[in-house]
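J.: Please see the structure below; I have some questions.
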Amino acid sequence: MPGLPVSALRVHVALITVSLVFGGNYVFTKRILATVPPTTWVLFRIVAATAVLVPLALALRRRREWPARRTWIGLLVASFFGVAANQVLFTEGMARTTPEHSAVVNACIPTWTLLVAVLAGQERLGLARVAAIGTALLGVFCLLGVDRMIFGGSDEVAGGHGATLLGDLLTMANGLVFAIHLVLIRKIGREVDPWTATAVMFAFGALLIGGWSGPGVTAADVSAVLTPPTVWFAAYVVLLATVLTYMLNTWALRHTHSSQVALYINVQPLVAAALNTALGAPAPGIRFFGALALVAAGLWLQTRGRP
């Protein structure tokens, strides 16, 4: 990137690294779920990530005082949406859909966040934003094969979406609850250091997911996670796609605008599709690329001209 200041170059490198790493997250999570039940994997992922992120967050936090009691309640609610419900829905959805579909649906998270922020009174809805939301929704509907449901047509034309529809809808719900989390954090974020918020939310999230997953986890499931090659996929997802991406995103948001961060999310479906195909999966059809183009156009409309 000739001509960019060093600081800008570092931001772009951080953001592209996040997208490349998280694009692999969809593919490796799918392979983990081929041998490990979703309930076991989501608990393992969050507990392992919490064990790494909480000490880091506590070491990096700037404010030494702890949040007020009212803020703790807000962080608990934000943790429910952003860690517990988000990860459960993502994992259950990933078990029932493809990495490519999950990545495209999750590319709409900035659009869902805008919609939730409008409903919460944090943002205003102008004509350009209506067009942005509509375009992104059209892309998701294209991926889900809504046209086939309405007008009829074969699964081959629609890309076989009957088998992935439930997973795609669960993934969409994952994006919506994460959007609620982001809006909540925007409201309470001024009251607490971001690293302190990270430590508290991941600790709460581990407890919440433990209550949901714990009773069904068996020793055989844990053994499956720790058996190669699954353990290497698990290490990638926990250390790179969870800990590293969160740290880089948090750093990047301090040095650039959230709209720039959002645009990089469009790289993730391409990485997921390329990696999944390289590992032997069928190449995605034209509907995948059409849906991605519509979602990317919606995101561009959403961020165009914003400060």
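By convention in this document, the chains of the structure tokens carry letters A, B, ... by their order, each chain's residues are numbered from 1, and ligands are numbered from 1 in the order they are shown.
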What are the closest atom pairs, with distances in Å to one decimal, for all residues of region 23-63 of chain A lying within 12 Å of region 280-303 of chain A? Consider only C-alpha atoms, order rows by chain and residue number, and present the result as CSV.

T.:
```
residue,atom,partner,partner_atom,distance
A:Val27,CA,A:Ala281,CA,10.0
A:Lys30,CA,A:Ala281,CA,11.5
A:Arg31,CA,A:Ala281,CA,11.3
```

J.: Fewer than 6 positions away in the same chain doesn't count, so skip those; otherwise give me all residues within 9 Å of region 111-116 of chain A, counting only C-alpha atoms, as a list in words.

T.: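 Residues near the query, excluding close chain neighbours: Gln122, Glu123, Leu125, Arg129, Ala132, Ile133, Ala136, Leu137, Gly175, Leu176, Phe178, Ala179, Ile180, His181, Leu182, Val183, Val295, Gly298, Leu299 and Gln302 of chain A.
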
J.: Write the selection just made, keeping N, CA and C atoms, as a PDB file, in the first residue's frame?

T.:
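After the write, selection.pdb holds the following:
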```
ATOM      1  N   GLN A 122     -30.594   4.888  18.511  1.00  0.00           N
ATOM      2  CA  GLN A 122     -29.213   5.352  18.464  1.00  0.00           C
ATOM      3  C   GLN A 122     -28.823   5.883  17.091  1.00  0.00           C
ATOM      4  N   GLU A 123     -29.534   5.488  16.055  1.00  0.00           N
ATOM      5  CA  GLU A 123     -29.233   5.904  14.688  1.00  0.00           C
ATOM      6  C   GLU A 123     -30.524   6.363  14.014  1.00  0.00           C
ATOM      7  N   LEU A 125     -32.740   6.562  10.357  1.00  0.00           N
ATOM      8  CA  LEU A 125     -32.909   5.755   9.152  1.00  0.00           C
ATOM      9  C   LEU A 125     -33.271   6.663   7.983  1.00  0.00           C
ATOM     10  N   ARG A 129     -29.852   4.404   3.901  1.00  0.00           N
ATOM     11  CA  ARG A 129     -29.768   3.273   4.820  1.00  0.00           C
ATOM     12  C   ARG A 129     -30.883   2.264   4.563  1.00  0.00           C
ATOM     13  N   ALA A 132     -29.610   0.314   1.806  1.00  0.00           N
ATOM     14  CA  ALA A 132     -28.542  -0.579   2.255  1.00  0.00           C
ATOM     15  C   ALA A 132     -29.112  -1.832   2.907  1.00  0.00           C
ATOM     16  N   ILE A 133     -30.070  -1.636   3.814  1.00  0.00           N
ATOM     17  CA  ILE A 133     -30.676  -2.771   4.502  1.00  0.00           C
ATOM     18  C   ILE A 133     -31.424  -3.661   3.509  1.00  0.00           C
ATOM     19  N   ALA A 136     -28.885  -5.731   1.359  1.00  0.00           N
ATOM     20  CA  ALA A 136     -28.289  -6.830   2.117  1.00  0.00           C
ATOM     21  C   ALA A 136     -29.305  -7.948   2.362  1.00  0.00           C
ATOM     22  N   LEU A 137     -30.541  -7.572   2.700  1.00  0.00           N
ATOM     23  CA  LEU A 137     -31.585  -8.583   2.898  1.00  0.00           C
ATOM     24  C   LEU A 137     -31.856  -9.358   1.616  1.00  0.00           C
ATOM     25  N   GLY A 175     -26.375 -13.626  14.072  1.00  0.00           N
ATOM     26  CA  GLY A 175     -26.008 -12.270  13.702  1.00  0.00           C
ATOM     27  C   GLY A 175     -26.881 -11.224  14.368  1.00  0.00           C
ATOM     28  N   LEU A 176     -28.168 -11.514  14.494  1.00  0.00           N
ATOM     29  CA  LEU A 176     -29.099 -10.567  15.109  1.00  0.00           C
ATOM     30  C   LEU A 176     -28.808 -10.383  16.598  1.00  0.00           C
ATOM     31  N   PHE A 178     -25.976 -10.885  18.053  1.00  0.00           N
ATOM     32  CA  PHE A 178     -24.700 -10.185  18.192  1.00  0.00           C
ATOM     33  C   PHE A 178     -24.867  -8.698  17.911  1.00  0.00           C
ATOM     34  N   ALA A 179     -25.775  -8.348  16.991  1.00  0.00           N
ATOM     35  CA  ALA A 179     -26.060  -6.935  16.734  1.00  0.00           C
ATOM     36  C   ALA A 179     -26.647  -6.274  17.977  1.00  0.00           C
ATOM     37  N   ILE A 180     -27.546  -6.985  18.667  1.00  0.00           N
ATOM     38  CA  ILE A 180     -28.102  -6.461  19.928  1.00  0.00           C
ATOM     39  C   ILE A 180     -26.980  -6.247  20.934  1.00  0.00           C
ATOM     40  N   HIS A 181     -26.061  -7.198  20.994  1.00  0.00           N
ATOM     41  CA  HIS A 181     -24.908  -7.079  21.896  1.00  0.00           C
ATOM     42  C   HIS A 181     -24.095  -5.818  21.586  1.00  0.00           C
ATOM     43  N   LEU A 182     -23.831  -5.563  20.302  1.00  0.00           N
ATOM     44  CA  LEU A 182     -23.023  -4.404  19.923  1.00  0.00           C
ATOM     45  C   LEU A 182     -23.706  -3.096  20.304  1.00  0.00           C
ATOM     46  N   VAL A 183     -25.027  -3.048  20.129  1.00  0.00           N
ATOM     47  CA  VAL A 183     -25.771  -1.841  20.496  1.00  0.00           C
ATOM     48  C   VAL A 183     -25.744  -1.641  22.013  1.00  0.00           C
ATOM     49  N   VAL A 295     -24.883  -8.561  -0.586  1.00  0.00           N
ATOM     50  CA  VAL A 295     -24.558  -8.216   0.802  1.00  0.00           C
ATOM     51  C   VAL A 295     -23.449  -7.166   0.839  1.00  0.00           C
ATOM     52  N   GLY A 298     -24.851  -3.813  -0.128  1.00  0.00           N
ATOM     53  CA  GLY A 298     -25.602  -3.238   0.980  1.00  0.00           C
ATOM     54  C   GLY A 298     -24.691  -2.648   2.032  1.00  0.00           C
ATOM     55  N   LEU A 299     -23.594  -3.343   2.335  1.00  0.00           N
ATOM     56  CA  LEU A 299     -22.650  -2.833   3.324  1.00  0.00           C
ATOM     57  C   LEU A 299     -21.950  -1.579   2.818  1.00  0.00           C
ATOM     58  N   GLN A 302     -24.254   1.270   3.162  1.00  0.00           N
ATOM     59  CA  GLN A 302     -24.408   1.617   4.574  1.00  0.00           C
ATOM     60  C   GLN A 302     -23.271   2.501   5.058  1.00  0.00           C
TER      61      GLN A 302
END
```

J.: Can you tell me, as a PDB file with N, CA and C atoms, in the first residue's frame, what residues are no more than 12 Å from Thr256 (chain A) when counting only C-alpha atoms, ignoring any on the same chain fewer than 4 positions away?

T.:
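Final output, result.pdb:
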```
ATOM      1  N   SER A   7       1.033   3.905  10.407  1.00  0.00           N
ATOM      2  CA  SER A   7      -0.087   3.574  11.276  1.00  0.00           C
ATOM      3  C   SER A   7      -1.274   3.044  10.475  1.00  0.00           C
ATOM      4  N   ALA A   8      -1.559   3.658   9.326  1.00  0.00           N
ATOM      5  CA  ALA A   8      -2.658   3.198   8.481  1.00  0.00           C
ATOM      6  C   ALA A   8      -2.355   1.819   7.908  1.00  0.00           C
ATOM      7  N   LEU A   9      -1.113   1.595   7.524  1.00  0.00           N
ATOM      8  CA  LEU A   9      -0.713   0.293   7.006  1.00  0.00           C
ATOM      9  C   LEU A   9      -0.937  -0.788   8.060  1.00  0.00           C
ATOM     10  N   ARG A  10      -0.560  -0.499   9.291  1.00  0.00           N
ATOM     11  CA  ARG A  10      -0.739  -1.481  10.361  1.00  0.00           C
ATOM     12  C   ARG A  10      -2.210  -1.795  10.582  1.00  0.00           C
ATOM     13  N   VAL A  11      -3.059  -0.775  10.506  1.00  0.00           N
ATOM     14  CA  VAL A  11      -4.493  -1.001  10.678  1.00  0.00           C
ATOM     15  C   VAL A  11      -5.023  -1.922   9.587  1.00  0.00           C
ATOM     16  N   HIS A  12      -4.629  -1.647   8.336  1.00  0.00           N
ATOM     17  CA  HIS A  12      -5.097  -2.479   7.230  1.00  0.00           C
ATOM     18  C   HIS A  12      -4.571  -3.912   7.351  1.00  0.00           C
ATOM     19  N   ALA A  14      -3.856  -5.438  10.135  1.00  0.00           N
ATOM     20  CA  ALA A  14      -4.612  -6.058  11.226  1.00  0.00           C
ATOM     21  C   ALA A  14      -5.988  -6.504  10.750  1.00  0.00           C
ATOM     22  N   LEU A  15      -6.669  -5.644   9.991  1.00  0.00           N
ATOM     23  CA  LEU A  15      -8.023  -5.964   9.541  1.00  0.00           C
ATOM     24  C   LEU A  15      -8.044  -7.105   8.530  1.00  0.00           C
ATOM     25  N   ASN A 249      -9.083  -6.754  16.450  1.00  0.00           N
ATOM     26  CA  ASN A 249     -10.237  -5.888  16.194  1.00  0.00           C
ATOM     27  C   ASN A 249     -10.321  -4.764  17.215  1.00  0.00           C
ATOM     28  N   THR A 250     -10.074  -5.101  18.468  1.00  0.00           N
ATOM     29  CA  THR A 250     -10.128  -4.075  19.515  1.00  0.00           C
ATOM     30  C   THR A 250      -9.065  -3.012  19.273  1.00  0.00           C
ATOM     31  N   TRP A 251      -7.877  -3.439  18.893  1.00  0.00           N
ATOM     32  CA  TRP A 251      -6.810  -2.482  18.594  1.00  0.00           C
ATOM     33  C   TRP A 251      -7.163  -1.636  17.369  1.00  0.00           C
ATOM     34  N   ALA A 252      -7.681  -2.281  16.307  1.00  0.00           N
ATOM     35  CA  ALA A 252      -7.997  -1.558  15.072  1.00  0.00           C
ATOM     36  C   ALA A 252      -9.088  -0.518  15.298  1.00  0.00           C
ATOM     37  N   GLN A 260     -14.928   1.200   8.390  1.00  0.00           N
ATOM     38  CA  GLN A 260     -13.808   0.582   7.688  1.00  0.00           C
ATOM     39  C   GLN A 260     -13.616  -0.852   8.154  1.00  0.00           C
ATOM     40  N   VAL A 261     -13.773  -1.083   9.452  1.00  0.00           N
ATOM     41  CA  VAL A 261     -13.680  -2.437   9.983  1.00  0.00           C
ATOM     42  C   VAL A 261     -14.759  -3.317   9.364  1.00  0.00           C
ATOM     43  N   ALA A 262     -15.973  -2.751   9.229  1.00  0.00           N
ATOM     44  CA  ALA A 262     -17.102  -3.528   8.708  1.00  0.00           C
ATOM     45  C   ALA A 262     -16.876  -3.973   7.270  1.00  0.00           C
ATOM     46  N   PRO A 307     -18.814   9.380   8.325  1.00  0.00           N
ATOM     47  CA  PRO A 307     -17.516   9.773   8.880  1.00  0.00           C
ATOM     48  C   PRO A 307     -16.849   8.628   9.603  1.00  0.00           C
TER      49      PRO A 307
END
```

J.: Just how far from CA of Leu144 (chain A) is CA of Phe233 (chain A), in Å to one decimal?

T.: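 Separation between CA of Phe233 (chain A) and CA of Leu144 (chain A): 27.9 Å.
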
J.: Given only C-alpha atoms as the basis, pick out the residue of A:Ser213, A:Gln87, A:Asn25, A:Thr196 nearest to Thr71 (chain A).

T.: A:Thr196

J.: Go through region 48-243 of chain A and collect every residue that DSSP, computed from the backbone, puts in alpha helix (DSSP H); the answer should be as a PyMOL selection string.

T.: chain A and resi 48-60+69-79+86-94+99-106+109-119+127-144+146-151+155-158+165-188+194-213+219-225+230-235

J.: Applying 12 Å and only C-alpha atoms, which residues near Gly210 (chain A) remain after dropping the ones on its own chain fewer than 6 positions away? List them as a list in words.

T.: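 Listed by chain and then number, they are Thr39, Thr40, Trp41, Val42, Leu43, Phe44, Arg45, Ile46, Val47, Val83, Ala84, Val88, Phe202, Ala203, Phe204, Gly216 and Val217 of chain A.
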
J.: May I have the selected residues written with N, CA and C atoms, as a compact mmCIF listing (two decimals), in the first residue's frame?

T.:
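Saved as selection_15.txt:
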```
# COMPACT_ATOMS: atom_id res chain seq x y z
N THR A 39 -22.96 -28.91 21.39
CA THR A 39 -23.01 -28.48 22.79
C THR A 39 -21.65 -28.59 23.46
N THR A 40 -20.93 -29.66 23.13
CA THR A 40 -19.59 -29.84 23.71
C THR A 40 -18.62 -28.81 23.14
N TRP A 41 -18.67 -28.61 21.83
CA TRP A 41 -17.70 -27.71 21.22
C TRP A 41 -17.89 -26.27 21.68
N VAL A 42 -19.12 -25.79 21.76
CA VAL A 42 -19.32 -24.39 22.14
C VAL A 42 -18.84 -24.16 23.57
N LEU A 43 -19.03 -25.14 24.46
CA LEU A 43 -18.55 -25.00 25.83
C LEU A 43 -17.02 -25.01 25.87
N PHE A 44 -16.40 -25.94 25.13
CA PHE A 44 -14.94 -26.01 25.10
C PHE A 44 -14.35 -24.72 24.56
N ARG A 45 -14.93 -24.21 23.47
CA ARG A 45 -14.38 -23.00 22.84
C ARG A 45 -14.41 -21.82 23.80
N ILE A 46 -15.55 -21.59 24.45
CA ILE A 46 -15.68 -20.40 25.29
C ILE A 46 -14.87 -20.54 26.57
N VAL A 47 -14.85 -21.73 27.18
CA VAL A 47 -14.06 -21.92 28.40
C VAL A 47 -12.58 -21.75 28.09
N VAL A 83 -21.99 -13.38 23.81
CA VAL A 83 -21.15 -14.55 24.00
C VAL A 83 -21.99 -15.82 24.02
N ALA A 84 -22.94 -15.91 24.95
CA ALA A 84 -23.69 -17.17 25.13
C ALA A 84 -24.62 -17.46 23.94
N VAL A 88 -23.82 -20.13 20.83
CA VAL A 88 -24.69 -21.30 20.72
C VAL A 88 -25.37 -21.32 19.36
N PHE A 202 -16.70 -12.50 29.08
CA PHE A 202 -16.31 -13.88 28.80
C PHE A 202 -16.49 -14.77 30.02
N ALA A 203 -16.23 -14.24 31.22
CA ALA A 203 -16.46 -15.03 32.43
C ALA A 203 -17.95 -15.35 32.58
N PHE A 204 -18.80 -14.33 32.40
CA PHE A 204 -20.25 -14.57 32.44
C PHE A 204 -20.66 -15.58 31.35
N GLY A 216 -24.93 -32.15 29.22
CA GLY A 216 -24.89 -33.11 28.12
C GLY A 216 -23.49 -33.51 27.69
N VAL A 217 -22.46 -32.92 28.28
CA VAL A 217 -21.08 -33.21 27.86
C VAL A 217 -20.63 -34.52 28.49
```

J.: Excluding region 50-55 of chain A and any residue of its chain fewer than 2 positions from it, enumerate the residues within 10 Å of it, using only C-alpha atoms, and give them as a list of chain:residue names.

T.: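 After dropping sequence-adjacent residues, the list is A:Phe44, A:Arg45, A:Ile46, A:Val47, A:Ala48, A:Ala57, A:Leu58, A:Ala59, A:Leu60, A:Trp195, A:Thr196, A:Ala197, A:Thr198, A:Ala199, A:Val200, A:Met201, A:Phe202, A:Ala203, A:Phe204, A:Gly205, A:Ala206, A:Val238, A:Leu239, A:Thr242, A:Val243, A:Leu244, A:Tyr246, A:Met247.
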
J.: Go ahead and write the selection's residues with C-alpha atoms as an mmCIF file, in the first residue's frame.

T.:
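Just written: selection.cif:
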```cif
data_model
loop_
_atom_site.group_PDB
_atom_site.id
_atom_site.type_symbol
_atom_site.label_atom_id
_atom_site.label_comp_id
_atom_site.auth_asym_id
_atom_site.auth_seq_id
_atom_site.Cartn_x
_atom_site.Cartn_y
_atom_site.Cartn_z
ATOM 1 C CA PHE A 44 -14.938 -26.012 25.103
ATOM 2 C CA ARG A 45 -14.379 -23.001 22.844
ATOM 3 C CA ILE A 46 -15.676 -20.402 25.291
ATOM 4 C CA VAL A 47 -14.062 -21.919 28.398
ATOM 5 C CA ALA A 48 -10.699 -22.215 26.614
ATOM 6 C CA ALA A 57 -7.721 -8.399 29.432
ATOM 7 C CA LEU A 58 -7.021 -7.838 33.118
ATOM 8 C CA ALA A 59 -3.360 -7.146 32.360
ATOM 9 C CA LEU A 60 -4.185 -4.691 29.554
ATOM 10 C CA TRP A 195 -10.568 -4.927 28.412
ATOM 11 C CA THR A 196 -12.414 -5.052 31.732
ATOM 12 C CA ALA A 197 -15.651 -5.528 29.797
ATOM 13 C CA THR A 198 -14.012 -8.377 27.872
ATOM 14 C CA ALA A 199 -12.932 -10.178 31.029
ATOM 15 C CA VAL A 200 -16.325 -9.811 32.690
ATOM 16 C CA MET A 201 -18.379 -10.804 29.614
ATOM 17 C CA PHE A 202 -16.314 -13.883 28.800
ATOM 18 C CA ALA A 203 -16.463 -15.031 32.434
ATOM 19 C CA PHE A 204 -20.246 -14.575 32.439
ATOM 20 C CA GLY A 205 -20.478 -16.261 29.042
ATOM 21 C CA ALA A 206 -18.549 -19.321 30.206
ATOM 22 C CA VAL A 238 -9.616 -20.766 20.097
ATOM 23 C CA LEU A 239 -6.216 -19.075 19.800
ATOM 24 C CA THR A 242 -11.213 -16.085 18.954
ATOM 25 C CA VAL A 243 -8.345 -14.597 20.982
ATOM 26 C CA LEU A 244 -6.187 -13.100 18.207
ATOM 27 C CA TYR A 246 -10.669 -10.088 19.173
ATOM 28 C CA MET A 247 -7.388 -8.474 20.203
#
```

J.: Given the choices A:Gly145, A:Phe28, A:Ala120, A:Val21, which gets closest to Leu279 (chain A) if the distance is worked out from only C-alpha atoms?

T.: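 Among the listed residues, A:Phe28 lies closest to Leu279 (chain A).
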
J.: I'd like to know which of A:Leu33, A:Leu184, A:Ile209, A:Leu263 is closest to Cys108 (chain A), using only C-alpha atoms.

T.: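 Among A:Leu33, A:Leu184, A:Ile209, A:Leu263, it is A:Leu263 that comes nearest to Cys108 (chain A).
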
J.: So, with only C-alpha atoms as the atoms that count, which of A:Gly139, A:Leu240, A:Gly82, A:Ala235 lies closest to Ala173 (chain A)?

T.: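 Result for the nearest residue to Ala173 (chain A): A:Gly82.
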